[in-house]
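Colleague: Take a look at data05.pdb, PDB, C-alpha atoms:
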```
ATOM      1  CA  MET A 818       0.000   0.000   0.000
ATOM      2  CA  GLU A 819       1.119   3.555  -0.670
ATOM      3  CA  ALA A 820       2.893   5.465   2.098
ATOM      4  CA  LYS A 821       0.732   8.584   1.791
ATOM      5  CA  THR A 822      -2.901   8.874   0.863
ATOM      6  CA  ALA A 823      -5.128  11.488  -0.726
ATOM      7  CA  ARG A 824      -8.892  11.793  -0.586
ATOM      8  CA  LEU A 825     -11.053  11.307  -3.675
ATOM      9  CA  THR A 826     -14.687  12.356  -3.374
ATOM     10  CA  VAL A 827     -17.123  10.631  -5.703
ATOM     11  CA  LEU A 828     -20.810  11.413  -6.076
ATOM     12  CA  ILE A 829     -22.891   8.317  -6.761
ATOM     13  CA  ASP A 830     -26.535   7.336  -6.794
ATOM     14  CA  PRO A 831     -27.546   6.135  -3.301
ATOM     15  CA  ALA A 832     -28.944   2.832  -4.597
ATOM     16  CA  LYS A 833     -25.688   2.050  -6.449
ATOM     17  CA  LYS A 834     -23.672   2.994  -3.357
ATOM     18  CA  LYS A 835     -25.689   0.635  -1.184
ATOM     19  CA  ALA A 836     -25.403  -2.218  -3.697
ATOM     20  CA  PHE A 837     -21.645  -1.599  -4.028
ATOM     21  CA  GLU A 838     -21.109  -1.578  -0.265
ATOM     22  CA  GLU A 839     -23.144  -4.761   0.163
ATOM     23  CA  LEU A 840     -21.210  -6.541  -2.591
ATOM     24  CA  CYS A 841     -17.894  -5.446  -1.079
ATOM     25  CA  GLU A 842     -19.012  -6.790   2.296
ATOM     26  CA  THR A 843     -19.876 -10.202   0.817
ATOM     27  CA  GLN A 844     -16.337 -10.338  -0.602
ATOM     28  CA  ASP A 845     -14.759  -9.272   2.718
ATOM     29  CA  LEU A 846     -13.364  -6.129   1.071
ATOM     30  CA  THR A 847     -13.787  -2.476   1.898
ATOM     31  CA  PRO A 848     -15.155  -0.143  -0.767
ATOM     32  CA  SER A 849     -11.829   1.725  -0.625
ATOM     33  CA  GLN A 850      -9.890  -1.444  -1.428
ATOM     34  CA  VAL A 851     -12.075  -2.096  -4.462
ATOM     35  CA  VAL A 852     -11.861   1.498  -5.725
ATOM     36  CA  ARG A 853      -8.063   1.501  -5.341
ATOM     37  CA  GLN A 854      -7.871  -1.722  -7.381
ATOM     38  CA  LEU A 855     -10.176  -0.271 -10.051
ATOM     39  CA  ILE A 856      -7.927   2.790 -10.322
ATOM     40  CA  ARG A 857      -4.760   0.660 -10.578
ATOM     41  CA  ASP A 858      -6.395  -1.478 -13.286
ATOM     42  CA  TYR A 859      -7.569   1.599 -15.219
ATOM     43  CA  LEU A 860      -4.117   3.202 -15.119
ATOM     44  CA  SER A 861      -2.493  -0.045 -16.193
ATOM     45  CA  LYS A 862      -4.967  -0.495 -19.048
ATOM     46  CA  HIS A 863      -3.965   2.931 -20.357
ATOM     47  CA  ASN A 864      -0.231   2.426 -19.737
ATOM     48  CA  VAL A 865      -0.006   5.241 -17.219
ATOM     49  CA  SER A 866       2.810   5.129 -14.673
ATOM     50  CA  TYR A 867       1.988   6.187 -11.126
ATOM     51  CA  ASP A 868       5.184   5.182  -9.331
ATOM     52  CA  SER A 869       5.829   8.738  -8.233
ATOM     53  CA  VAL A 870       3.710  11.808  -7.870
ATOM     54  CA  SER A 871       4.243  14.181 -10.764
ATOM     55  CA  ARG A 872       2.866  17.516 -11.770
ATOM     56  CA  GLY A 873       1.142  18.018 -15.065
ATOM     57  CA  ASN A 874       0.176  15.167 -17.347
ATOM     58  CA  PRO A 875       0.521  11.546 -16.211
ATOM     59  CA  LYS A 876       3.536   9.675 -17.537
ATOM     60  CA  VAL A 877       2.641   7.212 -20.261
ATOM     61  CA  LYS A 878       4.957   4.197 -20.437
TER      62      LYS A 878
END
```
I'd like the structure from this file rewritten - as structure tokens, please.

Modeller:
Amino acid sequence: MEAKTARLTVLIDPAKKKAFEELCETQDLTPSQVVRQLIRDYLSKHNVSYDSVSRGNPKVK
């Protein structure tokens, strides 16, 4: 896990939020764990490096 964290606020339909939280619970995962994995997968899919914090555009491999 990363040494430092930053907050990401997401607005979502209450019914989807509830369904998401319930699904996460059945898989013994927190919603934050799932969202972090989704972000890692999305960055990887688009060949974006996130090894270090940079300013400006993300670094494409």

Colleague: Might you pull out every residue within 12 Å of Arg824 (chain A), with only C-alpha atoms counted and same-chain residues fewer than 3 positions away left off, and present them as a list in words?

Modeller: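 These residues fall inside the cut-off: Lys821, Val827, Ser849, Val852 and Arg853 of chain A.
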
Colleague: Using the selection just defined, write its residues with C-alpha atoms as an mmCIF file, keeping the file's coordinate frame.

Modeller:
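File produced: out_28.cif:
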```
data_model
loop_
_atom_site.group_PDB
_atom_site.id
_atom_site.type_symbol
_atom_site.label_atom_id
_atom_site.label_comp_id
_atom_site.auth_asym_id
_atom_site.auth_seq_id
_atom_site.Cartn_x
_atom_site.Cartn_y
_atom_site.Cartn_z
ATOM 1 C CA LYS A 821 0.732 8.584 1.791
ATOM 2 C CA VAL A 827 -17.123 10.631 -5.703
ATOM 3 C CA SER A 849 -11.829 1.725 -0.625
ATOM 4 C CA VAL A 852 -11.861 1.498 -5.725
ATOM 5 C CA ARG A 853 -8.063 1.501 -5.341
#
```

Colleague: Provide the CA of Lys835 (chain A) to CA of Val851 (chain A) distance in Å, to one decimal place.

Modeller: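 Separation between CA of Lys835 (chain A) and CA of Val851 (chain A): 14.3 Å.
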
Colleague: What does the distance from CA of Tyr859 (chain A) to CA of Gln844 (chain A) come to in Å, to one decimal?

Modeller: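 That distance, rounded to one decimal, is 20.8 Å.
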
Colleague: Set up a box along x, y and z of the file covering all listed atoms of region 840-849 of chain A, add 8 Å on every one of the six sides, and write the centre and edge lengths in Å to one decimal, as lines of an AutoDock Vina configuration file.

Modeller:
```
center_x = -16.5
center_y = -4.3
center_z = 0.1
size_x = 25.4
size_y = 28.1
size_z = 21.3
```

Colleague: To one decimal place in Å, what is the distance between CA of Lys833 (chain A) and CA of Thr847 (chain A)?

Modeller: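 A separation of 15.2 Å between them.
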